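A.B. asks: Just so it is clear, I am handing over query-v6.csv, which has CSV, C-alpha atoms (C1' of nucleotides).
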chain,number,residue,atom,x,y,z
A,1,MET,CA,18.1,4.1,-40.9
A,2,VAL,CA,14.5,3.2,-40.9
A,3,SER,CA,15.1,0.4,-43.4
A,4,LYS,CA,17.5,-1.4,-41.2
A,5,GLN,CA,15.0,-1.1,-38.3
A,6,ILE,CA,12.3,-2.6,-40.5
A,7,ALA,CA,14.6,-5.4,-41.7
A,8,MET,CA,15.2,-6.4,-38.1
A,9,THR,CA,11.6,-6.3,-37.0
A,10,THR,CA,10.7,-8.3,-40.1
A,11,ILE,CA,12.9,-11.1,-39.0
A,12,GLU,CA,11.5,-11.0,-35.5
A,13,LEU,CA,8.0,-11.3,-36.8
A,14,LYS,CA,8.9,-14.2,-39.1
A,15,GLU,CA,10.6,-16.0,-36.2
A,16,ALA,CA,7.4,-15.5,-34.2
A,17,GLY,CA,5.5,-17.2,-37.0
A,18,LEU,CA,3.7,-14.0,-38.1
A,19,LYS,CA,3.4,-12.6,-41.5
A,20,ALA,CA,5.4,-9.4,-41.8
A,21,THR,CA,2.7,-6.8,-42.6
A,22,LEU,CA,3.2,-3.1,-42.4
A,23,PRO,CA,1.0,-2.6,-39.4
A,24,ARG,CA,2.7,-5.3,-37.4
A,25,LEU,CA,6.1,-3.8,-38.3
A,26,LYS,CA,5.1,-0.4,-37.3
A,27,ILE,CA,3.6,-1.5,-34.0
A,28,LEU,CA,6.7,-3.6,-33.1
A,29,GLU,CA,8.9,-0.6,-34.0
A,30,ILE,CA,6.9,1.6,-31.6
A,31,LEU,CA,7.3,-0.9,-28.8
A,32,GLU,CA,11.0,-1.3,-29.4
A,33,SER,CA,11.7,2.4,-29.6
A,34,SER,CA,9.8,3.2,-26.4
A,35,THR,CA,11.8,4.8,-23.6
A,36,ASP,CA,11.9,3.3,-20.1
A,37,ALA,CA,9.3,5.8,-19.0
A,38,GLN,CA,6.7,4.5,-21.5
A,39,ARG,CA,7.5,0.8,-21.8
A,40,HIS,CA,4.0,0.0,-20.7
A,41,MET,CA,1.5,1.3,-23.3
A,42,SER,CA,-2.2,0.9,-23.8
A,43,ALA,CA,-3.6,0.1,-27.2
A,44,GLU,CA,-4.8,3.6,-27.4
A,45,GLU,CA,-1.3,5.0,-26.7
A,46,VAL,CA,0.2,3.0,-29.5
A,47,TYR,CA,-2.5,4.1,-31.7
A,48,ASP,CA,-1.9,7.8,-30.9
A,49,LEU,CA,1.8,7.5,-31.4
A,50,LEU,CA,1.3,5.9,-34.8
A,51,ARG,CA,-1.2,8.6,-35.8
A,52,GLY,CA,1.4,11.2,-34.6
A,53,GLN,CA,3.9,10.0,-37.2
A,54,ASP,CA,1.1,9.8,-39.8
A,55,ASP,CA,1.0,6.1,-40.2
A,56,LYS,CA,-2.7,5.7,-39.7
A,57,ILE,CA,-3.4,2.2,-38.4
A,58,GLY,CA,-6.9,1.3,-37.3
A,59,LEU,CA,-7.4,0.9,-33.6
A,60,ALA,CA,-9.0,-2.5,-34.2
A,61,THR,CA,-5.8,-3.6,-35.9
A,62,ILE,CA,-3.7,-2.4,-32.9
A,63,TYR,CA,-5.8,-4.6,-30.6
A,64,ARG,CA,-5.6,-7.6,-33.0
A,65,VAL,CA,-1.9,-7.3,-33.4
A,66,LEU,CA,-1.1,-6.8,-29.7
A,67,THR,CA,-3.2,-9.8,-28.9
A,68,GLN,CA,-1.3,-11.8,-31.5
A,69,PHE,CA,2.0,-10.5,-30.2
A,70,GLU,CA,0.9,-11.7,-26.8
A,71,ALA,CA,0.0,-15.1,-28.0
A,72,ALA,CA,3.4,-15.3,-29.8
A,73,GLY,CA,5.2,-14.3,-26.6
A,74,LEU,CA,6.5,-11.0,-28.0
A,75,VAL,CA,4.7,-8.9,-25.5
A,76,THR,CA,3.0,-9.3,-22.1
A,77,ARG,CA,-0.4,-7.8,-21.3
A,78,HIS,CA,-0.9,-6.3,-17.8
A,79,ASN,CA,-4.2,-5.6,-16.1
A,80,PHE,CA,-3.1,-2.9,-13.8
A,81,GLU,CA,-5.8,-0.8,-12.2
A,82,GLY,CA,-7.5,1.7,-14.4
A,83,GLY,CA,-9.9,-0.1,-16.7
A,84,HIS,CA,-7.5,-0.6,-19.6
A,85,ALA,CA,-4.8,-3.1,-20.3
A,86,VAL,CA,-1.2,-2.1,-21.0
A,87,PHE,CA,1.3,-4.0,-23.1
A,88,GLU,CA,5.1,-4.3,-22.6
A,89,LEU,CA,7.7,-5.7,-25.0
A,90,ASN,CA,9.2,-9.0,-23.7
A,91,GLN,CA,12.9,-8.5,-23.4
A,92,GLY,CA,15.3,-9.5,-20.7
A,93,GLU,CA,14.1,-11.8,-18.0
A,94,HIS,CA,10.7,-12.0,-16.3
A,95,HIS,CA,10.0,-9.2,-13.8
A,96,ASP,CA,7.3,-7.8,-11.6
A,97,HIS,CA,6.2,-4.2,-11.2
A,98,ILE,CA,6.0,-1.4,-8.6
A,99,LEU,CA,3.9,1.5,-9.7
A,100,CYS,CA,3.1,4.9,-8.3
A,101,VAL,CA,-0.6,5.5,-7.8
A,102,LYS,CA,0.0,9.3,-7.9
A,103,CYS,CA,2.1,9.9,-11.0
A,104,GLY,CA,1.6,6.5,-12.8
A,105,ARG,CA,5.3,5.8,-13.0
A,106,VAL,CA,6.0,2.1,-13.4
A,107,GLU,CA,9.3,0.4,-12.3
A,108,GLU,CA,10.4,-3.1,-12.7
A,109,PHE,CA,12.1,-5.5,-10.3
A,110,VAL,CA,13.1,-9.1,-10.0
A,111,ASP,CA,13.2,-11.0,-6.8
A,112,GLU,CA,14.4,-14.6,-6.8
A,113,THR,CA,13.1,-15.3,-3.3
A,114,ILE,CA,9.6,-14.4,-4.3
A,115,GLU,CA,9.8,-16.4,-7.5
A,116,GLN,CA,10.9,-19.4,-5.6
A,117,ARG,CA,8.1,-19.0,-3.0
A,118,GLN,CA,5.5,-18.8,-5.7
A,119,GLN,CA,6.6,-22.1,-7.1
A,120,ASN,CA,6.3,-23.7,-3.7
A,121,ILE,CA,2.9,-22.2,-3.1
A,122,ALA,CA,1.6,-23.5,-6.5
A,123,LYS,CA,3.0,-26.9,-5.7
A,124,GLU,CA,1.4,-27.0,-2.3
A,125,HIS,CA,-2.0,-26.2,-3.8
A,126,GLY,CA,-1.6,-28.7,-6.6
A,127,TYR,CA,-1.3,-26.1,-9.4
A,128,THR,CA,0.9,-26.0,-12.4
A,129,ILE,CA,1.8,-22.3,-12.9
A,130,THR,CA,1.0,-20.8,-16.3
A,131,ASP,CA,1.7,-17.3,-15.3
A,132,HIS,CA,1.7,-14.9,-12.4
A,133,SER,CA,1.6,-11.2,-11.7
A,134,LEU,CA,2.8,-9.3,-8.8
A,135,THR,CA,2.2,-5.6,-8.6
A,136,ILE,CA,3.0,-3.3,-5.7
A,137,TYR,CA,1.1,-0.1,-5.6
A,138,GLY,CA,2.5,2.8,-3.7
A,139,ILE,CA,3.7,6.4,-3.7
A,140,CYS,CA,7.1,7.0,-5.2
A,141,GLY,CA,9.8,9.1,-3.6
A,142,GLU,CA,9.2,12.1,-5.8
A,143,CYS,CA,5.5,12.2,-5.2
A,144,GLN,CA,6.1,11.8,-1.4
A,145,ALA,CA,8.6,14.7,-1.6
A,146,GLY,CA,6.0,17.2,-2.5
A,147,LYS,CA,4.3,18.4,-5.6
A,148,VAL,CA,0.8,17.2,-5.9
B,1,MET,CA,-33.2,-15.1,11.4
B,2,VAL,CA,-33.0,-12.5,8.8
B,3,SER,CA,-33.7,-9.7,11.2
B,4,LYS,CA,-30.7,-10.5,13.3
B,5,GLN,CA,-28.6,-10.6,10.1
B,6,ILE,CA,-29.9,-7.2,9.1
B,7,ALA,CA,-29.2,-5.9,12.6
B,8,MET,CA,-25.6,-7.0,12.4
B,9,THR,CA,-25.0,-5.6,9.0
B,10,THR,CA,-26.6,-2.3,10.0
B,11,ILE,CA,-24.0,-1.9,12.7
B,12,GLU,CA,-21.2,-2.8,10.3
B,13,LEU,CA,-22.4,-0.1,7.9
B,14,LYS,CA,-22.7,2.5,10.6
B,15,GLU,CA,-19.2,1.7,11.8
B,16,ALA,CA,-17.9,2.1,8.3
B,17,GLY,CA,-19.5,5.6,8.2
B,18,LEU,CA,-22.2,4.6,5.7
B,19,LYS,CA,-25.9,5.2,6.0
B,20,ALA,CA,-27.7,1.9,6.5
B,21,THR,CA,-29.9,1.8,3.4
B,22,LEU,CA,-31.7,-1.3,2.2
B,23,PRO,CA,-29.6,-1.9,-0.9
B,24,ARG,CA,-26.4,-1.6,1.1
B,25,LEU,CA,-27.7,-4.1,3.7
B,26,LYS,CA,-28.7,-6.5,1.0
B,27,ILE,CA,-25.4,-6.3,-0.8
B,28,LEU,CA,-23.4,-6.8,2.4
B,29,GLU,CA,-25.6,-9.7,3.3
B,30,ILE,CA,-24.9,-11.4,-0.1
B,31,LEU,CA,-21.2,-10.9,0.4
B,32,GLU,CA,-21.2,-12.3,3.9
B,33,SER,CA,-23.3,-15.3,3.1
B,34,SER,CA,-21.2,-16.3,0.1
B,35,THR,CA,-19.5,-19.7,0.2
B,36,ASP,CA,-15.8,-20.1,-0.2
B,37,ALA,CA,-16.3,-21.1,-3.8
B,38,GLN,CA,-17.9,-17.7,-4.7
B,39,ARG,CA,-16.2,-15.3,-2.4
B,40,HIS,CA,-15.0,-13.4,-5.4
B,41,MET,CA,-18.0,-11.9,-7.2
B,42,SER,CA,-18.4,-9.4,-10.0
B,43,ALA,CA,-20.9,-6.6,-9.7
B,44,GLU,CA,-23.1,-8.5,-12.2
B,45,GLU,CA,-23.0,-11.7,-10.1
B,46,VAL,CA,-24.1,-9.8,-7.0
B,47,TYR,CA,-26.9,-8.2,-9.1
B,48,ASP,CA,-28.1,-11.6,-10.4
B,49,LEU,CA,-28.1,-13.1,-6.9
B,50,LEU,CA,-30.2,-10.2,-5.6
B,51,ARG,CA,-32.6,-10.5,-8.5
B,52,GLY,CA,-32.8,-14.2,-7.9
B,53,GLN,CA,-34.2,-13.6,-4.4
B,54,ASP,CA,-36.5,-10.9,-5.9
B,55,ASP,CA,-34.8,-7.9,-4.2
B,56,LYS,CA,-34.4,-5.9,-7.4
B,57,ILE,CA,-31.5,-3.5,-6.9
B,58,GLY,CA,-30.3,-1.5,-9.9
B,59,LEU,CA,-26.9,-2.5,-11.3
B,60,ALA,CA,-25.8,1.1,-11.0
B,61,THR,CA,-26.4,1.0,-7.3
B,62,ILE,CA,-24.4,-2.3,-7.0
B,63,TYR,CA,-21.5,-0.6,-8.6
B,64,ARG,CA,-21.8,2.5,-6.5
B,65,VAL,CA,-22.2,0.6,-3.3
B,66,LEU,CA,-19.3,-1.8,-4.0
B,67,THR,CA,-17.1,1.2,-4.8
B,68,GLN,CA,-18.1,2.8,-1.5
B,69,PHE,CA,-17.5,-0.4,0.3
B,70,GLU,CA,-14.0,-0.5,-1.2
B,71,ALA,CA,-13.3,3.0,-0.1
B,72,ALA,CA,-14.6,2.2,3.4
B,73,GLY,CA,-12.3,-0.9,3.6
B,74,LEU,CA,-15.1,-3.4,3.7
B,75,VAL,CA,-14.3,-5.1,0.4
B,76,THR,CA,-11.3,-5.4,-1.9
B,77,ARG,CA,-11.5,-5.0,-5.7
B,78,HIS,CA,-9.4,-7.3,-7.8
B,79,ASN,CA,-8.6,-6.8,-11.5
B,80,PHE,CA,-8.0,-10.4,-12.4
B,81,GLU,CA,-7.9,-11.3,-16.1
B,82,GLY,CA,-11.2,-11.3,-17.9
B,83,GLY,CA,-12.3,-7.7,-18.3
B,84,HIS,CA,-14.4,-7.3,-15.2
B,85,ALA,CA,-13.5,-6.6,-11.6
B,86,VAL,CA,-14.4,-8.9,-8.8
B,87,PHE,CA,-15.0,-8.0,-5.2
B,88,GLU,CA,-14.3,-9.8,-2.0
B,89,LEU,CA,-15.4,-9.2,1.5
B,90,ASN,CA,-12.5,-8.2,3.8
B,91,GLN,CA,-12.3,-10.6,6.6
B,92,GLY,CA,-9.4,-12.2,8.3
B,93,GLU,CA,-5.9,-11.2,7.3
B,94,HIS,CA,-4.6,-10.0,4.0
B,95,HIS,CA,-3.9,-12.7,1.4
B,96,ASP,CA,-3.0,-13.3,-2.2
B,97,HIS,CA,-4.6,-15.5,-4.8
B,98,ILE,CA,-3.9,-18.5,-6.9
B,99,LEU,CA,-6.5,-19.1,-9.6
B,100,CYS,CA,-7.2,-21.8,-12.2
B,101,VAL,CA,-7.3,-20.5,-15.7
B,102,LYS,CA,-9.4,-23.5,-16.8
B,103,CYS,CA,-12.2,-23.7,-14.3
B,104,GLY,CA,-11.9,-20.2,-12.7
B,105,ARG,CA,-11.6,-21.5,-9.2
B,106,VAL,CA,-9.9,-19.0,-6.8
B,107,GLU,CA,-7.9,-20.0,-3.8
B,108,GLU,CA,-6.2,-17.8,-1.2
B,109,PHE,CA,-2.9,-18.0,0.5
B,110,VAL,CA,-0.7,-16.1,2.8
B,111,ASP,CA,3.1,-16.1,2.6
B,112,GLU,CA,5.0,-14.1,5.2
B,113,THR,CA,8.3,-14.3,3.3
B,114,ILE,CA,6.7,-12.7,0.2
B,115,GLU,CA,5.1,-10.0,2.3
B,116,GLN,CA,8.4,-9.2,3.8
B,117,ARG,CA,10.3,-9.1,0.5
B,118,GLN,CA,7.7,-6.7,-0.9
B,119,GLN,CA,8.3,-4.3,1.9
B,120,ASN,CA,12.0,-4.4,1.2
B,121,ILE,CA,11.6,-3.9,-2.5
B,122,ALA,CA,9.3,-0.9,-1.9
B,123,LYS,CA,11.8,0.6,0.4
B,124,GLU,CA,14.7,0.0,-2.0
B,125,HIS,CA,12.8,1.8,-4.6
B,126,GLY,CA,11.8,4.7,-2.3
B,127,TYR,CA,8.1,3.8,-2.4
B,128,THR,CA,5.5,3.8,0.4
B,129,ILE,CA,3.3,0.8,-0.2
B,130,THR,CA,-0.4,1.6,-0.4
B,131,ASP,CA,-1.4,-1.8,-1.7
B,132,HIS,CA,-0.2,-4.8,-3.6
B,133,SER,CA,-1.6,-7.6,-5.6
B,134,LEU,CA,0.0,-11.0,-6.3
B,135,THR,CA,-2.0,-13.5,-8.4
B,136,ILE,CA,-0.7,-16.8,-9.6
B,137,TYR,CA,-2.4,-18.2,-12.6
B,138,GLY,CA,-2.2,-21.9,-13.2
B,139,ILE,CA,-4.1,-25.1,-13.7
B,140,CYS,CA,-5.5,-26.7,-10.7
B,141,GLY,CA,-5.1,-30.4,-9.7
B,142,GLU,CA,-8.6,-31.3,-10.8
B,143,CYS,CA,-8.3,-29.7,-14.2
B,144,GLN,CA,-4.9,-31.4,-14.8
B,145,ALA,CA,-6.5,-34.7,-13.8
B,146,GLY,CA,-8.7,-34.8,-16.8
B,147,LYS,CA,-12.0,-33.2,-17.8
B,148,VAL,CA,-11.0,-30.3,-20.1
C,1,DA,C1',-44.3,12.9,12.1
C,2,DG,C1',-41.8,16.3,8.7
C,3,DG,C1',-38.0,17.8,6.0
C,4,DG,C1',-33.6,18.2,4.3
C,5,DT,C1',-30.1,15.4,2.3
C,6,DA,C1',-28.2,11.7,0.6
C,7,DA,C1',-29.3,7.4,-2.0
C,8,DT,C1',-31.6,4.9,-5.6
C,9,DG,C1',-33.5,3.3,-10.2
C,10,DA,C1',-33.6,3.5,-15.0
C,11,DG,C1',-31.7,4.5,-18.9
C,12,DA,C1',-28.5,7.1,-21.5
C,13,DA,C1',-23.6,7.8,-22.0
C,14,DT,C1',-18.8,6.5,-21.9
C,15,DC,C1',-14.9,3.7,-22.4
C,16,DT,C1',-12.5,-0.2,-23.8
C,17,DT,C1',-12.3,-4.0,-26.7
C,18,DT,C1',-14.2,-7.2,-30.2
C,19,DT,C1',-16.5,-8.5,-34.4
C,20,DG,C1',-18.5,-8.5,-39.4
C,21,DC,C1',-17.6,-7.6,-43.8
C,22,DA,C1',-15.8,-5.5,-47.9
C,23,DT,C1',-11.3,-4.4,-49.5
C,24,DT,C1',-6.3,-4.7,-49.6
C,25,DT,C1',-1.8,-6.8,-49.1
C,26,DG,C1',1.9,-10.3,-48.3
C,27,DC,C1',3.7,-14.3,-50.0
C,28,DC,C1',4.2,-18.4,-52.6
C,29,DT,C1',4.2,-20.5,-57.2
C,30,DA,C1',4.6,-20.8,-62.0
D,1,DT,C1',8.4,-11.2,-61.9
D,2,DA,C1',3.1,-11.5,-62.5
D,3,DG,C1',-1.1,-13.8,-60.6
D,4,DG,C1',-3.9,-15.5,-57.3
D,5,DC,C1',-5.3,-17.0,-52.7
D,6,DA,C1',-5.5,-16.7,-48.0
D,7,DA,C1',-4.7,-13.8,-44.4
D,8,DA,C1',-4.7,-9.1,-42.7
D,9,DT,C1',-6.7,-4.5,-42.5
D,10,DG,C1',-10.0,-0.6,-41.9
D,11,DC,C1',-14.2,1.1,-40.7
D,12,DA,C1',-18.2,1.0,-38.5
D,13,DA,C1',-21.2,-1.3,-35.7
D,14,DA,C1',-21.6,-4.3,-31.6
D,15,DA,C1',-20.6,-5.9,-27.2
D,16,DG,C1',-19.3,-5.7,-22.4
D,17,DA,C1',-18.3,-3.2,-18.2
D,18,DT,C1',-18.8,0.8,-15.7
D,19,DT,C1',-20.3,5.6,-14.8
D,20,DC,C1',-23.3,9.4,-15.0
D,21,DT,C1',-27.8,12.2,-15.1
D,22,DC,C1',-31.7,13.3,-13.0
D,23,DA,C1',-36.2,12.6,-11.3
D,24,DT,C1',-38.0,10.0,-7.4
D,25,DT,C1',-37.5,7.8,-2.9
D,26,DA,C1',-35.8,6.6,1.6
D,27,DC,C1',-32.9,7.5,5.7
D,28,DC,C1',-32.1,10.1,9.8
D,29,DC,C1',-32.4,13.8,12.8
D,30,DT,C1',-35.4,16.9,15.6
Give the structure from the file, written as structure tokens.
C.D. replies:
Amino acid sequence: MVSKQIAMTTIELKEAGLKATLPRLKILEILESSTDAQRHMSAEEVYDLLRGQDDKIGLATIYRVLTQFEAAGLVTRHNFEGGHAVFELNQGEHHDHILCVKCGRVEEFVDETIEQRQQNIAKEHGYTITDHSLTIYGICGECQAGKV
Amino acid sequence: MVSKQIAMTTIELKEAGLKATLPRLKILEILESSTDAQRHMSAEEVYDLLRGQDDKIGLATIYRVLTQFEAAGLVTRHNFEGGHAVFELNQGEHHDHILCVKCGRVEEFVDETIEQRQQNIAKEHGYTITDHSLTIYGICGECQAGKV
DNA sequence: AGGGTAATGAGAATCTTTTGCATTTGCCTA
DNA sequence: TAGGCAAATGCAAAAGATTCTCATTACCCT
């Protein structure tokens, strides 16, 4: 039921300290219902998906809301290559990304050793970590296999 | 002597398979003479430096040349946070970055353990690595010390 | 030195993201 | 539950970064 979905997202927004407005609910819904293959979406993609289901929400609002979600810790913004940022719903633990430069597929991974080393490196340089981003670019198995 | 500098950069360009034009020589010179504190420059910054020494080179050319340099392996483009790319001359070995979100300082580091783990992760996922980028964001010692 | 080709400059165009402002909506109180 | 205020939204314009177009200029080869 849509109403139950909405009810849940309303609570999430309230908990994040954000007023539960319709645009915010819709955007959060889009992010939560995204499949693995499209967990990483640009503002434009969210905009198009919402237009597709004829909830017209202004692009400016999408940007504003995603930025607020980021500040509230609900989503993470990634500056992968390509000139536009992509957003991902925060769920589960922190992870890094490996993406295919041919087909654009994005996969996630967690590596405790790397996490640990990063902490050490920051300490050695006298930094307090606020964030970090590790992205491996490569060619995925499928793309190596053939079709391009 | 400037002429010796030019002579050297000319050779570098030729070796990279690029015609040795004046704009390319000037841009390469700027990159090579940059201090550690400004090894990572945006196209706009290169443009301003060149204007400062009254070699007026169009911004479009800066972008074109930097992109060619990247393709030729002379420089690396980084998409740090902040909406604009920065370029860095390739010299010495590969390295990653740790940067201060307060003052913008960028430092470099190399960690063999992390490099190794990345290779393993790529292999586990069936990828052939073409590139990777690890950036740690934090607050440097100086900025923690005081002056916001 | 002369010519063909590739490179450059300037500005227009494009793309992504932000902002200003009038209008609307969520939420709290009476 | 209605009323009102502050916050949120939509639209259009602006801003910032990067790319493209095309006429002009500069390399490089012979």
A.B. asks: Report, in Å with one decimal, the straight-line distance from atom CA of Thr113 of chain A to atom CA of Val86 of chain A.
C.D. replies: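 If I compute the distance from atom CA of Thr113 of chain A to atom CA of Val86 of chain A, I get 26.3 Å.
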A.B. asks: Go ahead and align chain A to chain B (same sequence, so just pair every C-alpha in order, least squares) and export the moved chain as a short mmCIF file (atom, residue, chain, number, x, y, z; two decimals) with C-alpha atoms, in the frame of the given file.
C.D. replies:
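Contents of result.cif, freshly written:
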data_model
loop_
_atom_site.label_atom_id
_atom_site.label_comp_id
_atom_site.auth_asym_id
_atom_site.auth_seq_id
_atom_site.Cartn_x
_atom_site.Cartn_y
_atom_site.Cartn_z
CA MET A 1 -33.49 -15.08 11.32
CA VAL A 2 -33.20 -12.53 8.64
CA SER A 3 -33.80 -9.71 11.13
CA LYS A 4 -30.85 -10.59 13.22
CA GLN A 5 -28.69 -10.74 10.05
CA ILE A 6 -29.90 -7.28 9.09
CA ALA A 7 -29.30 -5.92 12.61
CA MET A 8 -25.70 -7.04 12.39
CA THR A 9 -25.01 -5.69 8.94
CA THR A 10 -26.62 -2.42 10.01
CA ILE A 11 -24.08 -1.99 12.71
CA GLU A 12 -21.25 -2.83 10.36
CA LEU A 13 -22.38 -0.21 7.93
CA LYS A 14 -22.73 2.43 10.65
CA GLU A 15 -19.23 1.61 11.93
CA ALA A 16 -17.98 2.07 8.36
CA GLY A 17 -19.54 5.52 8.36
CA LEU A 18 -22.27 4.59 5.83
CA LYS A 19 -25.90 5.18 6.07
CA ALA A 20 -27.75 1.90 6.51
CA THR A 21 -29.95 1.75 3.38
CA LEU A 22 -31.73 -1.31 2.18
CA PRO A 23 -29.57 -1.81 -0.85
CA ARG A 24 -26.36 -1.58 1.09
CA LEU A 25 -27.73 -4.08 3.63
CA LYS A 26 -28.75 -6.48 1.03
CA ILE A 27 -25.45 -6.30 -0.83
CA LEU A 28 -23.41 -6.77 2.40
CA GLU A 29 -25.65 -9.75 3.29
CA ILE A 30 -24.90 -11.34 -0.10
CA LEU A 31 -21.18 -10.92 0.40
CA GLU A 32 -21.28 -12.31 3.90
CA SER A 33 -23.38 -15.31 3.00
CA SER A 34 -21.20 -16.27 0.03
CA THR A 35 -19.57 -19.70 0.16
CA ASP A 36 -15.81 -20.15 -0.24
CA ALA A 37 -16.35 -21.09 -3.85
CA GLN A 38 -17.91 -17.70 -4.71
CA ARG A 39 -16.16 -15.27 -2.38
CA HIS A 40 -14.99 -13.32 -5.36
CA MET A 41 -18.01 -11.84 -7.20
CA SER A 42 -18.42 -9.39 -10.02
CA ALA A 43 -20.94 -6.61 -9.78
CA GLU A 44 -23.03 -8.46 -12.21
CA GLU A 45 -23.00 -11.63 -10.06
CA VAL A 46 -24.22 -9.75 -7.05
CA TYR A 47 -26.81 -8.19 -9.10
CA ASP A 48 -28.07 -11.57 -10.41
CA LEU A 49 -28.14 -13.08 -6.98
CA LEU A 50 -30.19 -10.18 -5.65
CA ARG A 51 -32.60 -10.42 -8.59
CA GLY A 52 -32.83 -14.22 -7.86
CA GLN A 53 -34.26 -13.53 -4.40
CA ASP A 54 -36.50 -10.80 -5.87
CA ASP A 55 -34.87 -7.86 -4.26
CA LYS A 56 -34.44 -5.83 -7.40
CA ILE A 57 -31.51 -3.45 -6.93
CA GLY A 58 -30.29 -1.42 -9.87
CA LEU A 59 -26.98 -2.45 -11.31
CA ALA A 60 -25.76 1.15 -11.04
CA THR A 61 -26.45 1.00 -7.32
CA ILE A 62 -24.44 -2.27 -7.00
CA TYR A 63 -21.43 -0.54 -8.59
CA ARG A 64 -21.86 2.59 -6.39
CA VAL A 65 -22.16 0.60 -3.25
CA LEU A 66 -19.25 -1.78 -3.96
CA THR A 67 -17.09 1.19 -4.73
CA GLN A 68 -18.13 2.77 -1.44
CA PHE A 69 -17.54 -0.48 0.39
CA GLU A 70 -14.09 -0.47 -1.12
CA ALA A 71 -13.34 3.01 -0.07
CA ALA A 72 -14.58 2.14 3.48
CA GLY A 73 -12.31 -0.91 3.57
CA LEU A 74 -15.18 -3.42 3.72
CA VAL A 75 -14.28 -5.09 0.51
CA THR A 76 -11.28 -5.36 -1.84
CA ARG A 77 -11.58 -5.01 -5.62
CA HIS A 78 -9.45 -7.35 -7.79
CA ASN A 79 -8.56 -6.86 -11.43
CA PHE A 80 -7.99 -10.41 -12.37
CA GLU A 81 -7.90 -11.22 -16.05
CA GLY A 82 -11.18 -11.22 -17.85
CA GLY A 83 -12.30 -7.65 -18.40
CA HIS A 84 -14.35 -7.30 -15.22
CA ALA A 85 -13.47 -6.58 -11.65
CA VAL A 86 -14.40 -8.91 -8.80
CA PHE A 87 -15.03 -7.93 -5.20
CA GLU A 88 -14.25 -9.92 -2.01
CA LEU A 89 -15.39 -9.23 1.55
CA ASN A 90 -12.46 -8.15 3.80
CA GLN A 91 -12.28 -10.59 6.64
CA GLY A 92 -9.33 -12.28 8.24
CA GLU A 93 -5.89 -11.12 7.33
CA HIS A 94 -4.53 -9.91 3.98
CA HIS A 95 -3.94 -12.67 1.41
CA ASP A 96 -2.97 -13.22 -2.17
CA HIS A 97 -4.61 -15.46 -4.75
CA ILE A 98 -3.91 -18.53 -6.93
CA LEU A 99 -6.49 -19.08 -9.59
CA CYS A 100 -7.16 -21.76 -12.14
CA VAL A 101 -7.25 -20.47 -15.70
CA LYS A 102 -9.33 -23.53 -16.76
CA CYS A 103 -12.15 -23.75 -14.24
CA GLY A 104 -11.89 -20.22 -12.66
CA ARG A 105 -11.49 -21.56 -9.16
CA VAL A 106 -9.83 -19.04 -6.88
CA GLU A 107 -7.82 -20.00 -3.71
CA GLU A 108 -6.24 -17.83 -1.17
CA PHE A 109 -2.84 -17.99 0.52
CA VAL A 110 -0.62 -16.00 2.79
CA ASP A 111 3.10 -16.03 2.65
CA GLU A 112 5.08 -14.02 5.19
CA THR A 113 8.34 -14.32 3.27
CA ILE A 114 6.83 -12.71 0.23
CA GLU A 115 5.20 -9.98 2.27
CA GLN A 116 8.46 -9.17 3.86
CA ARG A 117 10.29 -9.10 0.49
CA GLN A 118 7.77 -6.73 -0.95
CA GLN A 119 8.40 -4.28 1.83
CA ASN A 120 12.10 -4.40 1.16
CA ILE A 121 11.63 -3.98 -2.55
CA ALA A 122 9.38 -0.88 -2.02
CA LYS A 123 11.94 0.54 0.35
CA GLU A 124 14.78 0.00 -2.05
CA HIS A 125 12.91 1.84 -4.80
CA GLY A 126 11.89 4.67 -2.51
CA TYR A 127 8.16 3.80 -2.46
CA THR A 128 5.69 3.86 0.32
CA ILE A 129 3.34 0.88 -0.32
CA THR A 130 -0.37 1.66 -0.54
CA ASP A 131 -1.35 -1.71 -1.74
CA HIS A 132 -0.17 -4.72 -3.68
CA SER A 133 -1.55 -7.68 -5.55
CA LEU A 134 -0.05 -10.96 -6.25
CA THR A 135 -1.88 -13.44 -8.39
CA ILE A 136 -0.61 -16.80 -9.60
CA TYR A 137 -2.33 -18.19 -12.60
CA GLY A 138 -2.19 -21.87 -13.23
CA ILE A 139 -4.04 -25.15 -13.73
CA CYS A 140 -5.44 -26.73 -10.62
CA GLY A 141 -5.06 -30.38 -9.73
CA GLU A 142 -8.55 -31.33 -10.80
CA CYS A 143 -8.29 -29.71 -14.17
CA GLN A 144 -4.83 -31.36 -14.71
CA ALA A 145 -6.41 -34.72 -13.74
CA GLY A 146 -8.64 -34.81 -16.72
CA LYS A 147 -11.99 -33.47 -17.68
CA VAL A 148 -11.79 -30.61 -20.05
#
A.B. asks: Which polymer residues, protein or nucleic acid, are no farther than 9 Å from (-16.6, -1.0, -27.8), counting only C-alpha atoms (C1' of nucleotides), as a list in words?
C.D. replies: DC15, DT16, DT17 and DT18 of chain C; DA14, DA15 and DG16 of chain D
A.B. asks: Taking all atoms listed in the file into account, find every residue of chain B that has an atom no more than 8 Å from chain C, and write it out as a list in words.
C.D. replies: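 Every residue of chain B that passes the 8 Å test is in Thr21, Ile57, Gly58 and Thr61 of chain B.
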A.B. asks: Please save C-alpha atoms of the selected residues as an mmCIF file, in the coordinates of the input.
C.D. replies:
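Wrote selection34.cif, looks like this:
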data_model
loop_
_atom_site.group_PDB
_atom_site.id
_atom_site.type_symbol
_atom_site.label_atom_id
_atom_site.label_comp_id
_atom_site.auth_asym_id
_atom_site.auth_seq_id
_atom_site.Cartn_x
_atom_site.Cartn_y
_atom_site.Cartn_z
ATOM 1 C CA THR B 21 -29.900 1.800 3.400
ATOM 2 C CA ILE B 57 -31.500 -3.500 -6.900
ATOM 3 C CA GLY B 58 -30.300 -1.500 -9.900
ATOM 4 C CA THR B 61 -26.400 1.000 -7.300
#
